[in-house]
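S.K.: coords09.cif is the file, holding mmCIF, N, CA and C atoms:
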data_data
loop_
_atom_site.label_atom_id
_atom_site.label_comp_id
_atom_site.auth_asym_id
_atom_site.auth_seq_id
_atom_site.Cartn_x
_atom_site.Cartn_y
_atom_site.Cartn_z
N MET A 122 21.33 40.77 10.71
CA MET A 122 21.96 39.48 10.59
C MET A 122 23.46 39.59 10.84
N VAL A 123 24.07 40.61 10.28
CA VAL A 123 25.50 40.82 10.44
C VAL A 123 25.82 41.15 11.89
N ASN A 124 24.93 41.92 12.54
CA ASN A 124 25.15 42.28 13.94
C ASN A 124 25.10 41.04 14.83
N GLU A 125 24.20 40.14 14.54
CA GLU A 125 24.08 38.91 15.34
C GLU A 125 25.34 38.05 15.19
N GLU A 126 25.82 37.94 13.96
CA GLU A 126 27.04 37.14 13.73
C GLU A 126 28.23 37.77 14.45
N LYS A 127 28.34 39.09 14.40
CA LYS A 127 29.45 39.78 15.08
C LYS A 127 29.34 39.59 16.59
N TYR A 128 28.13 39.68 17.13
CA TYR A 128 27.92 39.49 18.56
C TYR A 128 28.34 38.09 18.99
N LEU A 129 27.91 37.06 18.21
CA LEU A 129 28.29 35.68 18.54
C LEU A 129 29.79 35.47 18.42
N LYS A 130 30.42 36.07 17.42
CA LYS A 130 31.86 35.91 17.23
C LYS A 130 32.61 36.57 18.37
N ASP A 131 32.14 37.72 18.84
CA ASP A 131 32.77 38.39 19.98
C ASP A 131 32.58 37.59 21.26
N LEU A 132 31.40 37.00 21.42
CA LEU A 132 31.08 36.27 22.64
C LEU A 132 31.84 34.95 22.71
N ILE A 133 31.86 34.21 21.61
CA ILE A 133 32.44 32.87 21.61
C ILE A 133 33.87 32.89 21.09
N GLY A 134 34.13 33.68 20.10
CA GLY A 134 35.43 33.71 19.48
C GLY A 134 35.43 32.83 18.24
N SER A 135 36.55 32.80 17.56
CA SER A 135 36.64 32.01 16.33
C SER A 135 37.41 30.72 16.53
N GLU A 136 37.68 30.37 17.76
CA GLU A 136 38.42 29.15 18.08
C GLU A 136 37.52 27.93 17.94
N ASN A 137 38.05 26.83 17.45
CA ASN A 137 37.31 25.59 17.30
C ASN A 137 37.26 24.89 18.66
N HIS A 138 36.08 24.72 19.21
CA HIS A 138 35.92 24.14 20.55
C HIS A 138 35.74 22.64 20.53
N PHE A 139 35.65 22.04 19.38
CA PHE A 139 35.46 20.61 19.29
C PHE A 139 36.83 19.95 19.13
N ARG A 140 37.14 19.05 20.04
CA ARG A 140 38.45 18.41 20.02
C ARG A 140 38.28 16.90 20.13
N VAL A 141 39.23 16.17 19.54
CA VAL A 141 39.31 14.71 19.66
C VAL A 141 40.67 14.37 20.21
N PRO A 142 40.78 13.22 20.85
CA PRO A 142 42.09 12.84 21.39
C PRO A 142 43.14 12.72 20.27
N GLU A 143 44.40 12.91 20.64
CA GLU A 143 45.50 12.80 19.68
C GLU A 143 45.55 11.38 19.13
N GLY A 144 45.70 11.25 17.82
CA GLY A 144 45.83 9.95 17.16
C GLY A 144 44.53 9.17 17.06
N TYR A 145 43.39 9.83 17.28
CA TYR A 145 42.10 9.14 17.26
C TYR A 145 41.79 8.57 15.88
N PHE A 146 42.07 9.31 14.84
CA PHE A 146 41.75 8.87 13.49
C PHE A 146 42.87 8.07 12.83
N ASP A 147 43.98 7.84 13.53
CA ASP A 147 45.09 7.08 12.94
C ASP A 147 44.70 5.63 12.69
N ASN A 148 44.11 4.99 13.67
CA ASN A 148 43.71 3.58 13.56
C ASN A 148 42.19 3.41 13.57
N PHE A 149 41.48 4.46 13.21
CA PHE A 149 40.02 4.45 13.30
C PHE A 149 39.39 3.35 12.44
N ALA A 150 39.83 3.22 11.19
CA ALA A 150 39.23 2.24 10.28
C ALA A 150 39.46 0.82 10.76
N SER A 151 40.67 0.51 11.19
CA SER A 151 40.96 -0.87 11.64
C SER A 151 40.23 -1.20 12.93
N GLU A 152 40.11 -0.22 13.85
CA GLU A 152 39.37 -0.48 15.09
C GLU A 152 37.88 -0.68 14.82
N LEU A 153 37.34 0.11 13.90
CA LEU A 153 35.93 -0.04 13.56
C LEU A 153 35.66 -1.41 12.94
N MET A 154 36.53 -1.85 12.03
CA MET A 154 36.36 -3.16 11.40
C MET A 154 36.50 -4.27 12.42
N ALA A 155 37.32 -4.10 13.42
CA ALA A 155 37.48 -5.12 14.45
C ALA A 155 36.23 -5.22 15.33
N LYS A 156 35.52 -4.11 15.51
CA LYS A 156 34.31 -4.12 16.34
C LYS A 156 33.11 -4.72 15.62
N LEU A 157 33.12 -4.73 14.28
CA LEU A 157 31.99 -5.28 13.53
C LEU A 157 31.95 -6.79 13.67
N PRO A 158 30.74 -7.40 13.74
CA PRO A 158 30.67 -8.86 13.83
C PRO A 158 31.05 -9.49 12.50
N GLU A 159 31.54 -10.70 12.59
CA GLU A 159 31.91 -11.44 11.39
C GLU A 159 30.67 -11.79 10.61
N GLU A 160 30.75 -11.72 9.30
CA GLU A 160 29.61 -12.07 8.44
C GLU A 160 29.58 -13.57 8.28
N SER A 161 28.46 -14.16 8.65
CA SER A 161 28.34 -15.61 8.54
C SER A 161 28.05 -15.99 7.10
N GLN A 162 28.43 -17.21 6.74
CA GLN A 162 28.17 -17.68 5.38
C GLN A 162 26.69 -17.96 5.24
N LYS A 163 26.14 -17.46 4.16
CA LYS A 163 24.71 -17.63 3.93
C LYS A 163 24.50 -18.84 3.04
N THR A 164 23.51 -19.63 3.39
CA THR A 164 23.16 -20.78 2.57
C THR A 164 21.85 -20.51 1.87
N ASP A 165 21.49 -21.36 0.93
CA ASP A 165 20.25 -21.19 0.19
C ASP A 165 19.09 -21.87 0.90
N GLY A 166 19.31 -22.34 2.10
CA GLY A 166 18.27 -23.06 2.82
C GLY A 166 17.14 -22.17 3.29
N GLY A 167 17.39 -20.90 3.48
CA GLY A 167 16.35 -19.98 3.93
C GLY A 167 16.02 -20.17 5.39
N LYS A 168 17.04 -20.34 6.23
CA LYS A 168 16.82 -20.53 7.66
C LYS A 168 16.49 -19.20 8.32
N VAL A 169 15.64 -19.25 9.32
CA VAL A 169 15.31 -18.06 10.09
C VAL A 169 16.05 -18.18 11.41
N THR A 170 16.91 -17.20 11.68
CA THR A 170 17.68 -17.20 12.91
C THR A 170 17.36 -15.95 13.70
N LYS A 171 17.68 -16.00 14.98
CA LYS A 171 17.43 -14.85 15.84
C LYS A 171 18.78 -14.30 16.26
N GLU A 172 19.07 -13.06 15.80
CA GLU A 172 20.33 -12.42 16.13
C GLU A 172 20.04 -11.06 16.72
N GLY A 173 20.54 -10.85 17.92
CA GLY A 173 20.38 -9.55 18.55
C GLY A 173 18.93 -9.18 18.81
N GLY A 174 18.07 -10.16 19.06
CA GLY A 174 16.68 -9.87 19.33
C GLY A 174 15.84 -9.65 18.10
N LYS A 175 16.44 -9.79 16.90
CA LYS A 175 15.69 -9.60 15.66
C LYS A 175 15.73 -10.88 14.85
N LEU A 176 14.64 -11.17 14.16
CA LEU A 176 14.61 -12.33 13.28
C LEU A 176 15.29 -11.98 11.97
N LYS A 177 16.11 -12.91 11.50
CA LYS A 177 16.85 -12.67 10.27
C LYS A 177 16.73 -13.90 9.39
N ILE A 178 16.42 -13.69 8.12
CA ILE A 178 16.33 -14.79 7.17
C ILE A 178 17.70 -14.94 6.53
N VAL A 179 18.30 -16.10 6.71
CA VAL A 179 19.61 -16.37 6.14
C VAL A 179 19.39 -17.12 4.84
N GLY A 180 19.99 -16.63 3.78
CA GLY A 180 19.82 -17.29 2.48
C GLY A 180 18.45 -16.97 1.92
N GLY A 181 17.77 -17.99 1.46
CA GLY A 181 16.42 -17.81 0.96
C GLY A 181 16.37 -17.08 -0.37
N LYS A 182 17.23 -17.47 -1.30
CA LYS A 182 17.22 -16.82 -2.62
C LYS A 182 15.92 -17.11 -3.36
N TRP A 183 15.19 -18.10 -2.94
CA TRP A 183 13.91 -18.45 -3.56
C TRP A 183 12.79 -17.53 -3.12
N LEU A 184 13.02 -16.74 -2.07
CA LEU A 184 11.95 -15.93 -1.49
C LEU A 184 11.56 -14.76 -2.40
N ARG A 185 12.51 -14.08 -3.01
CA ARG A 185 12.18 -12.93 -3.87
C ARG A 185 11.36 -13.33 -5.09
N PRO A 186 11.75 -14.38 -5.83
CA PRO A 186 10.91 -14.77 -6.97
C PRO A 186 9.50 -15.18 -6.54
N LEU A 187 9.41 -15.82 -5.39
CA LEU A 187 8.10 -16.24 -4.88
C LEU A 187 7.24 -15.01 -4.57
N LEU A 188 7.84 -14.00 -3.96
CA LEU A 188 7.10 -12.77 -3.67
C LEU A 188 6.72 -12.05 -4.95
N ALA A 189 7.59 -12.08 -5.95
CA ALA A 189 7.28 -11.44 -7.23
C ALA A 189 6.09 -12.12 -7.91
N VAL A 190 6.06 -13.46 -7.88
CA VAL A 190 4.95 -14.20 -8.47
C VAL A 190 3.66 -13.89 -7.72
N ALA A 191 3.74 -13.85 -6.40
CA ALA A 191 2.55 -13.55 -5.59
C ALA A 191 2.03 -12.13 -5.90
N ALA A 192 2.95 -11.18 -6.06
CA ALA A 192 2.53 -9.81 -6.37
C ALA A 192 1.87 -9.75 -7.75
N CYS A 193 2.43 -10.48 -8.72
CA CYS A 193 1.84 -10.49 -10.07
C CYS A 193 0.44 -11.10 -10.05
N LEU A 194 0.28 -12.18 -9.30
CA LEU A 194 -1.04 -12.81 -9.19
C LEU A 194 -2.04 -11.86 -8.53
N LEU A 195 -1.59 -11.16 -7.52
CA LEU A 195 -2.47 -10.21 -6.84
C LEU A 195 -2.91 -9.10 -7.78
N VAL A 196 -1.98 -8.59 -8.56
CA VAL A 196 -2.32 -7.54 -9.53
C VAL A 196 -3.30 -8.08 -10.57
N ALA A 197 -3.08 -9.31 -11.04
CA ALA A 197 -3.98 -9.89 -12.04
C ALA A 197 -5.39 -10.07 -11.48
N VAL A 198 -5.50 -10.58 -10.27
CA VAL A 198 -6.81 -10.79 -9.66
C VAL A 198 -7.52 -9.46 -9.45
N MET A 199 -6.79 -8.45 -8.98
CA MET A 199 -7.41 -7.15 -8.75
C MET A 199 -7.83 -6.52 -10.08
N SER A 200 -7.04 -6.69 -11.13
CA SER A 200 -7.39 -6.13 -12.44
C SER A 200 -8.67 -6.77 -12.98
N VAL A 201 -8.78 -8.09 -12.86
CA VAL A 201 -9.97 -8.78 -13.33
C VAL A 201 -11.19 -8.35 -12.52
N THR A 202 -11.01 -8.20 -11.22
CA THR A 202 -12.12 -7.77 -10.36
C THR A 202 -12.61 -6.38 -10.75
N VAL A 203 -11.68 -5.46 -10.95
CA VAL A 203 -12.07 -4.10 -11.34
C VAL A 203 -12.74 -4.11 -12.71
N TYR A 204 -12.21 -4.89 -13.65
CA TYR A 204 -12.79 -4.96 -15.00
C TYR A 204 -14.22 -5.50 -14.95
N LEU A 205 -14.42 -6.60 -14.23
CA LEU A 205 -15.76 -7.18 -14.15
C LEU A 205 -16.73 -6.26 -13.43
N ASN A 206 -16.26 -5.58 -12.40
CA ASN A 206 -17.12 -4.64 -11.68
C ASN A 206 -17.53 -3.49 -12.59
N LYS A 207 -16.58 -3.02 -13.41
CA LYS A 207 -16.89 -1.94 -14.35
C LYS A 207 -17.91 -2.40 -15.39
N GLN A 208 -17.75 -3.63 -15.88
CA GLN A 208 -18.70 -4.16 -16.85
C GLN A 208 -20.09 -4.27 -16.24
N GLN A 209 -20.15 -4.68 -15.00
CA GLN A 209 -21.44 -4.80 -14.32
C GLN A 209 -22.08 -3.41 -14.15
N ASP A 210 -21.25 -2.41 -13.83
CA ASP A 210 -21.77 -1.05 -13.70
C ASP A 210 -22.31 -0.54 -15.03
N VAL A 211 -21.62 -0.85 -16.12
CA VAL A 211 -22.06 -0.42 -17.44
C VAL A 211 -23.40 -1.09 -17.78
N ALA A 212 -23.51 -2.39 -17.48
CA ALA A 212 -24.75 -3.11 -17.78
C ALA A 212 -25.91 -2.55 -16.96
N SER A 213 -25.69 -2.27 -15.68
CA SER A 213 -26.78 -1.73 -14.86
C SER A 213 -27.13 -0.32 -15.31
N GLU A 214 -26.13 0.44 -15.77
CA GLU A 214 -26.42 1.78 -16.28
C GLU A 214 -27.26 1.71 -17.55
N GLN A 215 -26.97 0.74 -18.41
CA GLN A 215 -27.75 0.57 -19.62
C GLN A 215 -29.19 0.17 -19.29
N GLU A 216 -29.35 -0.66 -18.26
CA GLU A 216 -30.70 -1.04 -17.85
C GLU A 216 -31.48 0.17 -17.34
N LEU A 217 -30.80 1.05 -16.57
CA LEU A 217 -31.48 2.23 -16.06
C LEU A 217 -31.91 3.16 -17.20
N VAL A 218 -31.04 3.31 -18.19
CA VAL A 218 -31.37 4.16 -19.33
C VAL A 218 -32.56 3.58 -20.08
N ALA A 219 -32.54 2.27 -20.29
CA ALA A 219 -33.64 1.62 -21.00
C ALA A 219 -34.95 1.73 -20.21
N MET A 220 -34.84 1.65 -18.87
CA MET A 220 -36.03 1.74 -18.04
C MET A 220 -36.62 3.15 -18.11
N GLN A 221 -35.74 4.16 -18.13
CA GLN A 221 -36.21 5.54 -18.20
C GLN A 221 -36.85 5.84 -19.55
N GLU A 222 -36.34 5.21 -20.58
CA GLU A 222 -36.91 5.43 -21.91
C GLU A 222 -38.19 4.62 -22.12
N GLY A 223 -38.45 3.66 -21.25
CA GLY A 223 -39.65 2.86 -21.35
C GLY A 223 -39.58 1.81 -22.44
N SER A 224 -38.40 1.37 -22.76
CA SER A 224 -38.26 0.41 -23.85
C SER A 224 -38.20 -1.04 -23.37
N TYR A 225 -38.50 -1.24 -22.09
CA TYR A 225 -38.49 -2.62 -21.60
C TYR A 225 -39.72 -3.36 -22.11
N SER A 226 -39.55 -4.61 -22.38
CA SER A 226 -40.65 -5.41 -22.91
C SER A 226 -41.51 -5.93 -21.77
N ASP A 227 -42.61 -6.56 -22.15
CA ASP A 227 -43.50 -7.17 -21.16
C ASP A 227 -42.81 -8.32 -20.44
N ALA A 228 -41.85 -8.94 -21.08
CA ALA A 228 -41.14 -10.06 -20.44
C ALA A 228 -40.41 -9.57 -19.20
N TYR A 229 -39.82 -8.37 -19.27
CA TYR A 229 -39.12 -7.83 -18.10
C TYR A 229 -40.12 -7.53 -16.99
N PHE A 230 -41.28 -6.97 -17.34
CA PHE A 230 -42.30 -6.67 -16.34
C PHE A 230 -42.80 -7.96 -15.69
N ASP A 231 -43.02 -8.99 -16.50
CA ASP A 231 -43.48 -10.27 -15.95
C ASP A 231 -42.42 -10.86 -15.01
N GLU A 232 -41.17 -10.73 -15.38
CA GLU A 232 -40.09 -11.25 -14.53
C GLU A 232 -40.03 -10.50 -13.21
N ALA A 233 -40.20 -9.17 -13.26
CA ALA A 233 -40.19 -8.36 -12.04
C ALA A 233 -41.39 -8.71 -11.16
N ALA A 234 -42.55 -8.94 -11.76
CA ALA A 234 -43.75 -9.29 -11.00
C ALA A 234 -43.58 -10.65 -10.35
N ASP A 235 -42.98 -11.58 -11.07
CA ASP A 235 -42.73 -12.90 -10.49
C ASP A 235 -41.75 -12.80 -9.32
N TYR A 236 -40.74 -11.96 -9.48
CA TYR A 236 -39.74 -11.79 -8.42
C TYR A 236 -40.38 -11.18 -7.17
N ALA A 237 -41.29 -10.22 -7.38
CA ALA A 237 -41.95 -9.57 -6.26
C ALA A 237 -43.13 -10.39 -5.75
N MET A 238 -43.42 -11.51 -6.41
CA MET A 238 -44.52 -12.41 -6.04
C MET A 238 -45.87 -11.67 -6.07
N LEU A 239 -46.09 -10.90 -7.14
CA LEU A 239 -47.35 -10.19 -7.32
C LEU A 239 -48.20 -10.93 -8.34
N ASP A 240 -49.48 -11.01 -8.06
CA ASP A 240 -50.39 -11.56 -9.06
C ASP A 240 -51.26 -10.41 -9.58
N ASN A 241 -52.17 -10.72 -10.48
CA ASN A 241 -52.98 -9.67 -11.10
C ASN A 241 -53.82 -8.91 -10.09
N CYS A 242 -54.37 -9.60 -9.08
CA CYS A 242 -55.20 -8.94 -8.07
C CYS A 242 -54.40 -7.91 -7.29
N ASP A 243 -53.15 -8.26 -6.93
CA ASP A 243 -52.30 -7.32 -6.19
C ASP A 243 -51.97 -6.10 -7.04
N ILE A 244 -51.71 -6.34 -8.31
CA ILE A 244 -51.38 -5.22 -9.20
C ILE A 244 -52.58 -4.30 -9.36
N TYR A 245 -53.78 -4.88 -9.56
CA TYR A 245 -54.99 -4.06 -9.69
C TYR A 245 -55.27 -3.29 -8.41
N ALA A 246 -55.06 -3.92 -7.26
CA ALA A 246 -55.31 -3.26 -5.99
C ALA A 246 -54.33 -2.10 -5.79
N TYR A 247 -53.09 -2.29 -6.18
CA TYR A 247 -52.10 -1.23 -6.07
C TYR A 247 -52.43 -0.05 -6.97
N LEU A 248 -52.84 -0.35 -8.20
CA LEU A 248 -53.19 0.72 -9.14
C LEU A 248 -54.47 1.45 -8.71
N ALA A 249 -55.39 0.73 -8.09
CA ALA A 249 -56.66 1.35 -7.67
C ALA A 249 -56.43 2.31 -6.51
N ASN A 250 -55.42 2.05 -5.66
CA ASN A 250 -55.15 2.93 -4.52
C ASN A 250 -54.51 4.25 -4.96
N GLU A 251 -53.90 4.28 -6.10
CA GLU A 251 -53.28 5.51 -6.56
C GLU A 251 -54.33 6.34 -7.16
#
Have the structure of the file written as structure tokens, please.
M.R.:
Amino acid sequence: MVNEEKYLKDLIGSENHFRVPEGYFDNFASELMAKLPEESQKTDGGKVTKEGGKLKIVGGKWLRPLLAVAACLLVAVMSVTVYLNKQQDVASEQELVAMQEGSYSDAYFDEAADYAMLDNCDIYAYLANE
């Protein structure tokens, strides 16, 4: 590492090769401020203007609170959705456990048979095939 630094120092030297014109930084701040565009007065109207090819919202102090309310509503709706979905998962899990334990009543079986549109003949035929 030291050899590389010595080689570069011998090759290039220790002279500063970066130069700026004389007096460049004397009036730098005032020239830069003169080149900046004037700041227009902003109103609360929330007008959309086109400056330099970009859309810019001027004013619109009402926009941030509106976005905050929308974000809060979105979080509330998503929270309720997740909560209800979790409750539904818990209920279906409890039904599966009860079904595996065989603790369902005849009312559940009758409801399932009605849903599947099975009558006694179909049930007997299905059991006879097994």
S.K.: How many Å lie between CA of Asn137 in chain A and CA of Glu152 in chain A, rounded to one decimal?
M.R.: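 If I compute the distance from CA of Asn137 in chain A to CA of Glu152 in chain A, I get 26.2 Å.
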S.K.: Suppose you want the space between CA of Ala212 in chain A and CA of Ala233 in chain A; what is it in Å?
M.R.: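 These atoms are spaced 17.3 Å apart.
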S.K.: Work out how far CA of Met199 in chain A is from CA of Val211 in chain A, in Å to one decimal.
M.R.: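 Result for CA of Val211 in chain A versus CA of Met199 in chain A: 18.3 Å, one decimal.
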